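Asks: Input structure_5.cif, format and content: mmCIF, C-alpha atoms.
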```
data_input
loop_
_atom_site.label_atom_id
_atom_site.label_comp_id
_atom_site.auth_asym_id
_atom_site.auth_seq_id
_atom_site.Cartn_x
_atom_site.Cartn_y
_atom_site.Cartn_z
CA MET A 1 129.63 30.44 77.75
CA ASN A 2 132.73 28.35 77.07
CA HIS A 3 135.83 30.41 77.89
CA ARG A 4 137.37 29.72 74.47
CA ILE A 5 134.25 30.93 72.70
CA ALA A 6 134.17 34.00 74.96
CA ALA A 7 137.77 34.74 73.94
CA LEU A 8 136.85 34.35 70.27
CA CYS A 9 133.96 36.79 70.74
CA ASP A 10 136.29 39.30 72.40
CA PHE A 11 138.57 39.10 69.38
CA LEU A 12 135.73 39.46 66.89
CA ASN A 13 134.24 42.42 68.75
CA ALA A 14 137.59 44.20 68.83
CA SER A 15 138.33 43.62 65.14
CA HIS A 16 136.36 46.41 63.53
CA SER A 17 138.92 46.52 60.71
CA LEU A 18 141.65 44.25 59.41
CA TYR A 19 144.18 46.59 61.07
CA HIS A 20 142.55 46.15 64.46
CA ALA A 21 142.38 42.37 64.00
CA GLN A 22 146.09 42.13 63.29
CA GLN A 23 147.00 44.46 66.16
CA TYR A 24 144.97 42.23 68.51
CA LEU A 25 146.84 39.12 67.35
CA LEU A 26 150.20 40.91 67.49
CA ASP A 27 149.50 41.99 71.08
CA LEU A 28 148.75 38.36 72.02
CA LEU A 29 152.09 37.26 70.64
CA LEU A 30 154.02 40.04 72.35
CA GLU A 31 152.30 39.26 75.68
CA ASP A 32 153.40 35.63 75.22
CA GLY A 33 157.04 36.67 74.94
CA TYR A 34 157.53 36.91 71.18
CA THR A 35 160.16 39.33 69.93
CA ARG A 36 158.98 41.65 67.19
CA LEU A 37 161.15 41.73 64.08
CA TYR A 38 161.25 44.47 61.46
CA GLU A 39 161.95 43.77 57.82
CA HIS A 40 164.25 46.80 57.44
CA GLU A 41 166.52 45.56 60.25
CA SER A 42 168.92 42.62 60.46
CA TRP A 43 167.71 39.49 62.28
CA ASP A 44 169.74 37.74 64.94
CA LEU A 45 167.76 34.56 65.59
CA VAL A 46 168.69 32.02 68.25
CA PRO A 47 167.56 28.46 69.11
CA GLY A 48 164.55 28.59 71.41
CA GLY A 49 163.63 32.08 70.20
CA LYS A 50 160.07 33.22 69.47
CA TYR A 51 159.56 35.90 66.82
CA CYS A 52 156.86 37.80 64.95
CA LEU A 53 156.61 40.52 62.31
CA LEU A 54 153.87 42.69 60.86
CA ARG A 55 153.92 44.07 57.32
CA GLY A 56 151.78 47.07 56.45
CA GLY A 57 149.67 46.60 59.55
CA THR A 58 147.71 43.78 57.89
CA ALA A 59 150.01 40.77 57.36
CA LEU A 60 151.33 38.85 60.36
CA ILE A 61 153.94 36.09 60.50
CA ALA A 62 155.11 34.43 63.71
CA PHE A 63 157.53 31.54 64.18
CA ARG A 64 159.59 29.65 66.74
CA ILE A 65 163.15 28.35 66.41
CA PRO A 66 163.55 24.84 67.89
CA GLN A 67 166.54 23.86 69.99
CA ASN A 68 167.51 21.07 67.59
CA LEU A 69 168.20 21.09 63.86
CA PRO A 70 164.66 21.12 62.42
CA GLN A 71 163.10 18.82 59.84
CA GLY A 72 161.10 21.51 58.01
CA PHE A 73 158.40 24.17 58.41
CA LEU A 74 154.88 23.54 59.70
CA MET A 75 152.84 26.46 58.40
CA SER A 76 149.28 27.70 58.43
CA ALA A 77 147.80 30.55 56.41
CA SER A 78 144.55 32.41 57.01
CA HIS A 79 143.45 35.97 56.26
CA CYS A 80 142.19 39.00 58.15
CA ASP A 81 140.33 40.95 55.44
CA ARG A 82 136.61 40.68 54.82
CA PRO A 83 134.18 41.88 52.10
CA CYS A 84 133.04 45.37 53.03
CA PHE A 85 133.01 48.98 51.82
CA LYS A 86 136.12 51.15 51.67
CA VAL A 87 135.86 54.92 52.07
CA LYS A 88 136.96 56.96 49.05
CA GLU A 89 139.14 60.05 49.09
CA ASN A 90 136.98 63.20 48.86
CA PHE A 91 134.24 61.09 50.37
CA GLU A 92 131.60 63.71 51.12
CA LEU A 93 128.51 63.98 48.90
CA GLY A 94 126.32 67.02 49.48
CA GLY A 95 122.73 68.03 48.74
CA ASN A 96 119.68 67.81 50.99
CA TYR A 97 121.56 65.13 52.91
CA THR A 98 125.26 64.53 53.58
CA ARG A 99 126.32 61.15 52.25
CA MET A 100 129.56 59.24 51.88
CA ALA A 101 131.25 57.95 48.73
CA VAL A 102 132.44 54.36 49.17
CA GLU A 103 133.49 51.49 46.92
CA ARG A 104 133.10 47.76 47.26
CA TYR A 105 135.93 45.69 48.67
CA GLY A 106 135.51 42.05 47.71
CA GLY A 107 132.28 40.29 46.85
CA GLN A 108 129.84 41.02 49.62
CA LEU A 109 126.11 40.32 49.83
CA LEU A 110 125.13 43.93 49.31
CA PHE A 111 121.60 43.95 50.70
CA THR A 112 122.72 42.70 54.11
CA TRP A 113 124.44 46.03 54.76
CA LEU A 114 121.28 48.11 54.46
CA ASP A 115 119.29 49.54 57.39
CA ARG A 116 121.96 48.67 59.97
CA PRO A 117 123.96 51.02 62.23
CA LEU A 118 127.47 51.34 60.80
CA SER A 119 130.69 53.12 61.64
CA LEU A 120 134.26 53.58 60.39
CA ALA A 121 137.53 51.93 61.36
CA GLY A 122 140.95 51.42 59.85
CA ARG A 123 144.27 53.21 59.49
CA VAL A 124 145.02 56.89 58.97
CA THR A 125 148.31 58.55 58.08
CA VAL A 126 148.70 61.68 60.18
CA GLU A 127 151.03 64.67 60.02
CA THR A 128 152.73 65.19 63.40
CA GLU A 129 155.62 67.19 64.83
CA ASN A 130 157.77 64.07 64.51
CA GLY A 131 156.87 63.39 60.88
CA ILE A 132 154.25 61.19 59.26
CA GLU A 133 152.74 58.47 61.47
CA ASN A 134 150.29 55.65 60.91
CA ARG A 135 147.57 55.38 63.56
CA LEU A 136 144.60 53.09 64.08
CA LEU A 137 141.24 54.80 64.12
CA ASP A 138 137.85 53.49 65.21
CA ILE A 139 134.80 55.74 65.56
CA ASP A 140 133.15 53.62 68.25
CA ARG A 141 129.59 54.87 67.90
CA ASP A 142 126.57 54.45 65.63
CA LEU A 143 127.53 56.93 62.93
CA LEU A 144 126.24 55.88 59.51
CA LEU A 145 123.42 53.94 57.85
CA ILE A 146 122.65 52.84 54.30
CA PRO A 147 118.88 53.34 53.91
CA ASN A 148 116.70 51.02 51.87
CA VAL A 149 114.09 52.26 49.41
CA ALA A 150 110.54 51.64 50.61
CA ILE A 151 108.76 48.75 48.92
CA HIS A 152 106.14 51.19 47.66
CA MET A 153 108.85 52.79 45.50
CA ASN A 154 110.62 49.54 44.58
CA ARG A 155 107.87 46.99 44.03
CA GLN A 156 110.22 44.47 42.37
CA VAL A 157 112.64 44.24 45.28
CA ASN A 158 111.26 40.90 46.52
CA ASP A 159 111.22 39.47 42.99
CA GLY A 160 114.91 40.01 42.38
CA TYR A 161 116.55 43.42 42.41
CA LYS A 162 119.92 44.35 40.95
CA TRP A 163 121.73 46.51 43.48
CA ASN A 164 123.80 49.34 42.05
CA PRO A 165 126.77 50.04 44.37
CA ALA A 166 127.16 53.53 42.89
CA VAL A 167 123.62 54.44 43.97
CA ASP A 168 122.03 51.98 46.40
CA THR A 169 124.82 51.58 48.95
CA LEU A 170 125.93 55.13 49.74
CA PRO A 171 125.87 55.69 53.53
CA LEU A 172 123.93 58.55 55.05
CA ILE A 173 125.99 60.75 57.41
CA GLY A 174 123.39 63.36 58.33
CA GLY A 175 121.47 66.36 57.06
CA LYS A 176 122.98 69.14 54.98
CA GLU A 177 124.19 70.83 58.17
CA ALA A 178 126.53 67.84 58.69
CA ALA A 179 128.70 68.92 55.76
CA GLY A 180 132.39 69.00 56.68
CA LYS A 181 131.88 67.69 60.20
CA LEU A 182 132.96 64.09 59.62
CA GLN A 183 136.41 65.09 58.37
CA LYS A 184 136.86 67.22 61.49
CA LEU A 185 135.73 64.30 63.68
CA LEU A 186 138.20 61.96 62.01
CA GLU A 187 141.11 64.35 62.50
CA THR A 188 140.15 64.97 66.13
CA GLU A 189 140.09 61.22 66.76
CA ALA A 190 143.34 60.74 64.84
CA GLY A 191 145.12 63.55 66.70
CA GLY A 192 146.36 65.44 63.66
CA ARG A 193 145.85 66.38 60.04
CA ILE A 194 145.06 63.29 57.98
CA LEU A 195 147.23 62.99 54.87
CA GLY A 196 145.88 59.61 53.79
CA HIS A 197 143.52 56.94 55.01
CA ASP A 198 142.47 53.31 54.62
CA LEU A 199 139.07 53.36 56.30
CA TYR A 200 136.28 50.79 56.04
CA LEU A 201 132.65 50.58 57.07
CA TYR A 202 131.84 48.04 59.75
CA VAL A 203 128.64 46.67 61.23
CA ARG A 204 128.00 47.73 64.81
CA GLN A 205 126.32 44.47 65.86
CA LYS A 206 128.50 42.41 68.19
CA ALA A 207 129.12 38.68 68.05
CA SER A 208 126.21 36.61 69.31
CA ILE A 209 125.93 33.10 70.74
CA TRP A 210 122.51 31.61 70.08
CA GLY A 211 120.42 28.48 69.44
CA MET A 212 118.54 26.14 71.76
CA GLU A 213 121.84 24.77 73.07
CA GLU A 214 123.80 27.97 72.37
CA GLU A 215 125.48 26.02 69.63
CA TYR A 216 125.87 28.80 67.05
CA ILE A 217 127.99 31.90 66.79
CA SER A 218 127.14 34.82 64.51
CA SER A 219 129.37 37.80 63.84
CA PRO A 220 130.78 40.09 61.20
CA ALA A 221 133.89 38.70 59.49
CA LEU A 222 133.73 35.08 60.64
CA ASP A 223 135.22 34.47 57.21
CA ASP A 224 138.08 34.40 57.96
CA LEU A 225 138.75 35.76 61.46
CA GLU A 226 137.42 32.51 62.93
CA CYS A 227 140.22 30.56 61.26
CA ALA A 228 142.80 33.26 62.02
CA TRP A 229 141.88 32.98 65.70
CA GLY A 230 141.85 29.18 65.78
CA CYS A 231 145.23 28.93 64.06
CA THR A 232 146.73 31.54 66.39
CA GLN A 233 145.44 29.78 69.49
CA GLY A 234 146.77 26.46 68.27
CA PHE A 235 150.11 28.05 67.48
CA LEU A 236 150.37 29.58 70.97
CA ASN A 237 149.22 26.45 72.82
CA ALA A 238 151.25 23.82 70.97
CA GLY A 239 154.05 21.87 72.58
CA ASP A 240 157.65 21.74 71.38
CA SER A 241 158.43 20.34 67.95
CA ASP A 242 161.49 19.54 65.89
CA SER A 243 159.82 21.30 62.99
CA VAL A 244 159.60 25.09 62.73
CA PRO A 245 156.04 26.29 63.44
CA VAL A 246 155.05 29.27 61.28
CA LEU A 247 151.80 31.21 61.67
CA CYS A 248 150.69 33.39 58.72
CA VAL A 249 147.70 35.72 58.68
CA PHE A 250 147.59 37.52 55.34
CA ASP A 251 145.63 40.42 53.86
CA SER A 252 143.89 40.87 50.48
CA GLU A 253 142.53 37.33 50.07
CA GLU A 254 139.09 38.67 49.16
CA VAL A 255 140.53 40.60 46.21
CA GLY A 256 143.03 38.07 44.87
CA SER A 257 145.96 38.27 47.34
CA GLY A 258 147.90 40.54 44.98
CA SER A 259 149.04 43.17 47.49
CA VAL A 260 152.42 43.40 49.25
CA GLN A 261 150.61 42.03 52.33
CA GLY A 262 148.92 39.16 50.48
CA ALA A 263 149.71 35.48 50.02
CA GLY A 264 150.78 36.30 46.46
CA SER A 265 153.59 38.55 47.68
CA MET A 266 157.15 37.61 48.56
CA LEU A 267 156.52 38.05 52.29
CA LEU A 268 156.42 34.36 53.21
CA PRO A 269 159.27 33.11 50.96
CA ASP A 270 161.47 36.02 52.00
CA THR A 271 160.76 35.34 55.67
CA LEU A 272 161.56 31.64 55.32
CA ARG A 273 164.77 32.48 53.46
CA ARG A 274 165.85 34.96 56.13
CA ILE A 275 165.20 32.39 58.85
CA CYS A 276 167.38 29.85 57.07
CA VAL A 277 170.16 32.36 56.38
CA SER A 278 170.21 33.46 60.02
CA MET A 279 170.26 29.85 61.30
CA ASP A 280 172.54 28.47 58.54
CA TRP A 281 169.89 25.98 57.38
CA ASP A 282 169.38 24.58 53.88
CA LEU A 283 166.15 26.19 52.64
CA ASP A 284 165.52 23.64 49.87
CA ARG A 285 165.88 20.72 52.27
CA MET A 286 163.59 22.43 54.76
CA LEU A 287 160.89 23.05 52.17
CA ALA A 288 161.03 19.43 51.01
CA GLN A 289 159.84 18.41 54.51
CA SER A 290 157.35 21.21 55.04
CA PHE A 291 153.57 21.36 55.17
CA MET A 292 150.98 24.11 54.84
CA ILE A 293 147.43 24.30 56.16
CA SER A 294 145.39 26.87 54.24
CA ALA A 295 142.57 27.76 56.65
CA ASP A 296 139.57 29.59 55.20
CA ASN A 297 135.93 28.97 56.05
CA ALA A 298 133.71 26.66 53.99
CA HIS A 299 130.07 26.57 52.94
CA ALA A 300 127.79 24.57 55.21
CA VAL A 301 124.80 22.84 53.67
CA HIS A 302 121.99 25.40 53.89
CA PRO A 303 118.99 24.30 55.99
CA ASN A 304 116.54 25.82 53.50
CA HIS A 305 118.45 24.98 50.32
CA PRO A 306 120.16 21.58 50.68
CA GLU A 307 119.88 21.15 46.90
CA LEU A 308 122.72 23.68 46.44
CA ALA A 309 125.25 21.35 48.08
CA ASP A 310 127.03 18.28 46.78
CA ALA A 311 124.95 15.22 47.62
CA THR A 312 127.66 13.34 49.55
CA ASN A 313 130.16 16.02 50.56
CA ALA A 314 128.04 18.70 52.23
CA PRO A 315 129.45 19.87 55.59
CA VAL A 316 127.11 20.52 58.50
CA MET A 317 127.80 23.15 61.14
CA GLY A 318 128.96 21.49 64.34
CA GLU A 319 130.15 18.27 62.72
CA GLY A 320 133.85 19.03 62.57
CA ILE A 321 136.57 20.73 60.56
CA VAL A 322 136.05 20.80 56.79
CA LEU A 323 138.64 19.36 54.42
CA LYS A 324 138.11 21.02 51.04
CA HIS A 325 138.67 19.36 47.66
CA ASN A 326 138.51 20.48 44.03
CA ALA A 327 139.69 18.58 40.96
CA ASN A 328 140.68 21.83 39.22
CA LEU A 329 142.82 22.91 42.19
CA SER A 330 140.74 25.80 43.49
CA TYR A 331 141.61 24.00 46.72
CA CYS A 332 145.02 22.40 47.28
CA THR A 333 144.06 19.22 49.13
CA ASP A 334 145.16 15.95 47.54
CA GLY A 335 145.14 12.40 48.86
CA VAL A 336 148.43 12.78 50.73
CA SER A 337 147.80 16.18 52.34
CA GLY A 338 144.25 15.14 53.19
CA ALA A 339 145.52 11.99 54.89
CA ILE A 340 148.04 13.97 56.95
CA PHE A 341 145.41 16.41 58.12
CA ARG A 342 143.00 13.59 58.98
CA LYS A 343 145.74 12.07 61.11
CA VAL A 344 146.22 15.41 62.87
CA CYS A 345 142.52 15.55 63.67
CA GLU A 346 142.56 11.94 64.84
CA LYS A 347 145.37 12.76 67.27
CA ALA A 348 143.39 15.79 68.47
CA GLY A 349 140.18 13.81 68.87
CA VAL A 350 138.16 16.08 66.57
CA LYS A 351 135.88 15.23 63.67
CA VAL A 352 136.58 15.89 59.99
CA GLN A 353 134.12 16.31 57.14
CA THR A 354 134.65 16.92 53.43
CA TYR A 355 133.52 19.59 51.02
CA TYR A 356 133.20 19.59 47.25
CA ASN A 357 131.32 22.18 45.22
CA ARG A 358 128.24 20.84 43.50
CA ALA A 359 129.52 20.04 40.01
CA ASP A 360 127.40 22.69 38.29
CA ILE A 361 127.97 25.46 40.90
CA PRO A 362 131.53 26.81 40.77
CA GLY A 363 132.89 27.85 44.15
CA GLY A 364 135.56 30.27 45.27
CA SER A 365 139.22 29.63 45.92
CA THR A 366 141.56 30.21 48.83
CA LEU A 367 144.95 31.74 49.47
CA GLY A 368 146.48 28.25 49.62
CA ARG A 369 146.59 27.94 45.85
CA ILE A 370 148.16 31.40 45.52
CA SER A 371 150.76 30.78 48.23
CA LEU A 372 151.85 27.59 46.41
CA GLY A 373 153.17 29.79 43.61
CA LYS A 374 155.65 31.30 46.07
CA VAL A 375 156.27 28.47 48.55
CA SER A 376 155.67 25.10 46.91
CA VAL A 377 154.95 22.67 49.72
CA LEU A 378 152.34 20.00 50.36
CA THR A 379 149.13 21.82 51.32
CA ALA A 380 145.73 20.96 52.74
CA ASP A 381 142.82 23.38 52.38
CA ILE A 382 140.56 23.39 55.41
CA GLY A 383 137.88 25.59 56.96
CA LEU A 384 134.92 25.74 59.30
CA ALA A 385 131.40 25.25 57.98
CA GLN A 386 129.38 28.43 57.95
CA LEU A 387 126.21 29.98 56.54
CA ALA A 388 125.78 33.27 54.67
CA MET A 389 129.38 33.61 53.56
CA HIS A 390 130.15 37.23 52.59
CA SER A 391 127.11 38.55 54.40
CA CYS A 392 127.91 41.37 56.79
CA TYR A 393 126.81 38.98 59.59
CA GLU A 394 127.76 35.30 59.23
CA THR A 395 126.98 32.15 61.20
CA ALA A 396 129.01 29.10 62.25
CA ALA A 397 129.11 26.52 65.06
CA CYS A 398 130.87 27.04 68.39
CA ALA A 399 131.98 23.40 68.52
CA ASP A 400 133.87 23.72 65.25
CA ALA A 401 135.76 26.79 66.44
CA ILE A 402 136.97 24.83 69.46
CA ALA A 403 137.83 21.83 67.26
CA LEU A 404 140.09 24.00 65.11
CA GLU A 405 142.00 25.27 68.14
CA GLU A 406 142.54 21.68 69.31
CA ALA A 407 143.60 20.40 65.90
CA MET A 408 146.05 23.25 65.38
CA SER A 409 147.54 22.72 68.83
CA VAL A 410 148.34 19.14 67.81
CA TYR A 411 149.53 20.17 64.35
CA TYR A 412 152.00 22.75 65.58
CA GLY A 413 153.42 20.28 68.10
CA LEU A 414 154.22 17.62 65.50
CA THR A 415 157.49 16.79 63.83
CA LEU A 416 156.93 15.94 60.17
CA LYS A 417 159.56 13.76 58.53
CA ALA A 418 159.66 13.00 54.80
CA THR A 419 160.37 9.39 53.70
CA GLU A 420 160.80 7.79 50.31
CA ASN A 421 157.14 6.84 50.18
CA GLY A 422 155.41 9.45 52.34
CA PHE A 423 155.69 11.09 55.73
CA ILE A 424 156.05 10.18 59.40
CA LEU A 425 154.19 12.28 61.97
CA GLY A 426 156.16 12.31 65.22
#
```
Mind turning the file's structure into structure tokens?

Replies:
Amino acid sequence: MNHRIAALCDFLNASHSLYHAQQYLLDLLLEDGYTRLYEHESWDLVPGGKYCLLRGGTALIAFRIPQNLPQGFLMSASHCDRPCFKVKENFELGGNYTRMAVERYGGQLLFTWLDRPLSLAGRVTVETENGIENRLLDIDRDLLLIPNVAIHMNRQVNDGYKWNPAVDTLPLIGGKEAAGKLQKLLETEAGGRILGHDLYLYVRQKASIWGMEEEYISSPALDDLECAWGCTQGFLNAGDSDSVPVLCVFDSEEVGSGSVQGAGSMLLPDTLRRICVSMDWDLDRMLAQSFMISADNAHAVHPNHPELADATNAPVMGEGIVLKHNANLSYCTDGVSGAIFRKVCEKAGVKVQTYYNRADIPGGSTLGRISLGKVSVLTADIGLAQLAMHSCYETAACADAIALEEAMSVYYGLTLKATENGFILG
């Protein structure tokens, strides 16, 4: 297996929740010499410095300060959350069996979660002798399962069945003798009395490399951890630039980005402002020469349903990074930002393909459009072609994951200069 794909698989297999994904990326940055900043403290930034911050455990920003007066910011934005089930407070349901009360997070393909070993991971807030502490928690064992109804009792299931998340997707914990035991297990694992929690179900199946040429990768949460990983690797591996490289991995994209850790928050604009204040830079001038890549996976043409794709703009897995377009601005790419990103890919030696929704099948949107409301800079929406988006187990191409790392390495090493008629990529 290619060492870069092996590293991606390690990341995916460790990221049982959005909290664990961000901790993994934060650890990479700290190991590479980045200084962690805290929003409640003052910042003393210096030329040549490398910095990172984490808000709420689920939103990461990292940046480097160049030695020279910079031209602007080179940013990327991806997200770490994925459609799944979140555990409710007072989660235990009794009766002949012990079940768990959960609610949907995002728009997942519900039926894909059934009849699979599941477990719990996320963040708990624990009472300790030193006060209240947040701790990561992962019950690393097959613990739960959402059982299907037998076809004999649900004859219409193969003809189109409407899943009821209040009934059909409640996980089974155990028999009636299991009552009360899960809460005790959680507090034992957490090391104290749990005062609050943000826990999610996750699929126990690990990432898999498969296909005749081992060309495909399947895993939970490829949307959008694959882009988060590729952008982070490009950010870490890029050469020096006279622009300011900024890596953003947000939370809450799957539910509208409206949280304090989302692209719709003030996290990014406040961070850019604080950088400029600390370095005595003109923020408006910097933004006028800045660029954003919004990186979120894209729909590949389906092998069994090619009719669902646009006839001339249908990405194929393994054929390069996807540049996404939409006339109604669900995606931010325009002619100028698309041209700049194509030039980046040309310099990196990687292929580019385009995506439009079929005109009568509305698609989703990305965090790029939302971030523009807070930081208005030229933006290109990109992604990697994948199948089964919002399934609990998604599929993409290994070659495209590598292509994104290479393109982002080039991107973050550029110096972008605004001119009267366009831009110069140095």

Asks: Please report, as JSON, the centre and edge lengths in Å to one decimal of an axis-aligned box covering all listed atoms of region 396-413 of chain A with 4 Å per side.

Replies:
```
{"center_x": 141.2, "center_y": 24.1, "center_z": 65.9, "size_x": 32.4, "size_y": 18.0, "size_z": 15.2}
```

Asks: Distance table requested - region 158-265 of chain A against region 12-17 of chain A, cut-off 7 Å, all atoms listed in the file: one row per qualifying residue with the closest atom pair and its distance in Å to one decimal, ordered by chain and rising residue number, as a tab-separated table.

Replies:
```
residue	atom	partner	partner_atom	distance
A:Tyr200	CA	A:Ser17	CA	6.9
A:Tyr202	CA	A:His16	CA	6.1
A:Lys206	CA	A:Asn13	CA	5.8
A:Ala207	CA	A:Asn13	CA	6.4
```

Asks: Using all atoms listed in the file, can you list as a ChimeraX atom specification the residues within 10 Å of (127.7, 31.1, 70.1)?

Replies: /A:1-2,5-6,8-9,207-211,213-219,395-399,401

Asks: Would you please work out which residue, of A:Leu93, A:Val203, A:Val322, A:Ile424, is nearest to Cys345 (chain A) when using only C-alpha atoms?

Replies: A:Val322

Asks: If you count all atoms listed in the file, which residues fall within 9 Å of region 359-361 of chain A, apart from same-chain ones fewer than 3 positions away, as a ChimeraX atom specification?

Replies: /A:308-310,356

Asks: When you count only C-alpha atoms, which of these residues is closest to Asn96 (chain A): A:Leu195, A:Trp281, A:Glu177, A:Thr312?

Replies: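 With only C-alpha atoms as the atom set, the closest residue is A:Glu177.
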
Asks: Can you tell me which residues surround Arg104 (chain A) at a distance of at most 12 Å, considering all atoms listed in the file, apart from same-chain residues fewer than 5 positions away, and format the answer as a ChimeraX atom specification?

Replies: /A:82-88,109-110,113,164-166,168-170,200-201,254-255

Asks: Can you give me, as number ranges by chain, the residues this file yields under the PyMOL selection byres ((chain A and resi 382) around 7)?

Replies: A: 293-296, 322-324, 380-381, 383

Asks: For Glu406 (chain A), which residue among A:Leu425, A:Val157, A:Ala348, A:Ala298 is the nearest when counting all atoms listed in the file?

Replies: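 So, comparing all the options, the nearest one is A:Ala348.
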
Asks: CA of Phe91 (chain A) and CA of Val126 (chain A), how far apart in Å?

Replies: 17.5 Å

Asks: Identify which of the residues A:Thr271, A:Thr415, A:Thr379, A:Ser243 lies closest to Ala339 (chain A), counting only C-alpha atoms when measuring atom-to-atom distances.

Replies: A:Thr379

Asks: At what distance in Å, to one decimal, does CA of Ser409 (chain A) lie from CA of Cys231 (chain A)?

Replies: 8.2 Å

Asks: At a cut-off of 12 Å around the point (138.4, 63.6, 59.0) (file coordinates), what residues fall inside when counting all atoms listed in the file? I'd like the answer as a ChimeraX atom specification.

Replies: /A:87,89-92,120-121,123-126,137-139,179-199

Asks: Within 10 Å of Gly363 (chain A), counting only C-alpha atoms, which residues qualify if same-chain residues fewer than 6 places away don't, as a list in words?

Replies: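 Everything that qualifies: Ala298, His299, Asn326, Ser330, Tyr331, Tyr356 and Asn357 of chain A.
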
Asks: Taking the structure in the block just given, could you write region 211-226 of chain A with N, CA and C atoms, as an mmCIF file, in the first residue's frame?

Replies:
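Contents of out.cif, freshly written:
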```
data_model
loop_
_atom_site.group_PDB
_atom_site.id
_atom_site.type_symbol
_atom_site.label_atom_id
_atom_site.label_comp_id
_atom_site.auth_asym_id
_atom_site.auth_seq_id
_atom_site.Cartn_x
_atom_site.Cartn_y
_atom_site.Cartn_z
ATOM 1 N N GLY A 211 -10.364 -3.385 -4.787
ATOM 2 C CA GLY A 211 -10.395 -3.269 -6.245
ATOM 3 C C GLY A 211 -9.304 -4.120 -6.869
ATOM 4 N N MET A 212 -9.443 -4.404 -8.154
ATOM 5 C CA MET A 212 -8.467 -5.256 -8.841
ATOM 6 C C MET A 212 -7.057 -4.691 -8.752
ATOM 7 N N GLU A 213 -6.947 -3.372 -8.794
ATOM 8 C CA GLU A 213 -5.637 -2.709 -8.700
ATOM 9 C C GLU A 213 -5.489 -1.990 -7.361
ATOM 10 N N GLU A 214 -6.300 -2.364 -6.392
ATOM 11 C CA GLU A 214 -6.349 -1.666 -5.101
ATOM 12 C C GLU A 214 -6.494 -0.162 -5.295
ATOM 13 N N GLU A 215 -7.405 0.183 -6.202
ATOM 14 C CA GLU A 215 -7.557 1.584 -6.568
ATOM 15 C C GLU A 215 -8.561 2.351 -5.716
ATOM 16 N N TYR A 216 -9.369 1.655 -4.914
ATOM 17 C CA TYR A 216 -10.428 2.314 -4.164
ATOM 18 C C TYR A 216 -10.175 2.257 -2.662
ATOM 19 N N ILE A 217 -10.687 3.279 -1.999
ATOM 20 C CA ILE A 217 -10.664 3.320 -0.545
ATOM 21 C C ILE A 217 -12.093 3.502 -0.053
ATOM 22 N N SER A 218 -12.486 2.699 0.931
ATOM 23 C CA SER A 218 -13.796 2.835 1.557
ATOM 24 C C SER A 218 -13.608 3.012 3.057
ATOM 25 N N SER A 219 -14.454 3.849 3.639
ATOM 26 C CA SER A 219 -14.309 4.155 5.061
ATOM 27 C C SER A 219 -15.518 4.938 5.537
ATOM 28 N N PRO A 220 -15.787 4.900 6.833
ATOM 29 C CA PRO A 220 -16.696 5.906 7.389
ATOM 30 C C PRO A 220 -16.091 7.306 7.237
ATOM 31 N N ALA A 221 -16.950 8.278 7.016
ATOM 32 C CA ALA A 221 -16.588 9.708 7.105
ATOM 33 C C ALA A 221 -15.575 10.167 6.071
ATOM 34 N N LEU A 222 -15.498 9.504 4.905
ATOM 35 C CA LEU A 222 -14.651 10.068 3.844
ATOM 36 C C LEU A 222 -15.074 11.495 3.522
ATOM 37 N N ASP A 223 -16.362 11.741 3.541
ATOM 38 C CA ASP A 223 -16.910 13.094 3.463
ATOM 39 C C ASP A 223 -17.012 13.633 4.892
ATOM 40 N N ASP A 224 -16.065 14.456 5.370
ATOM 41 C CA ASP A 224 -15.097 15.159 4.567
ATOM 42 C C ASP A 224 -13.679 14.994 5.140
ATOM 43 N N LEU A 225 -13.462 13.897 5.878
ATOM 44 C CA LEU A 225 -12.135 13.701 6.465
ATOM 45 C C LEU A 225 -11.067 13.504 5.394
ATOM 46 N N GLU A 226 -11.457 12.990 4.227
ATOM 47 C CA GLU A 226 -10.486 12.827 3.149
ATOM 48 C C GLU A 226 -9.922 14.173 2.716
#
```
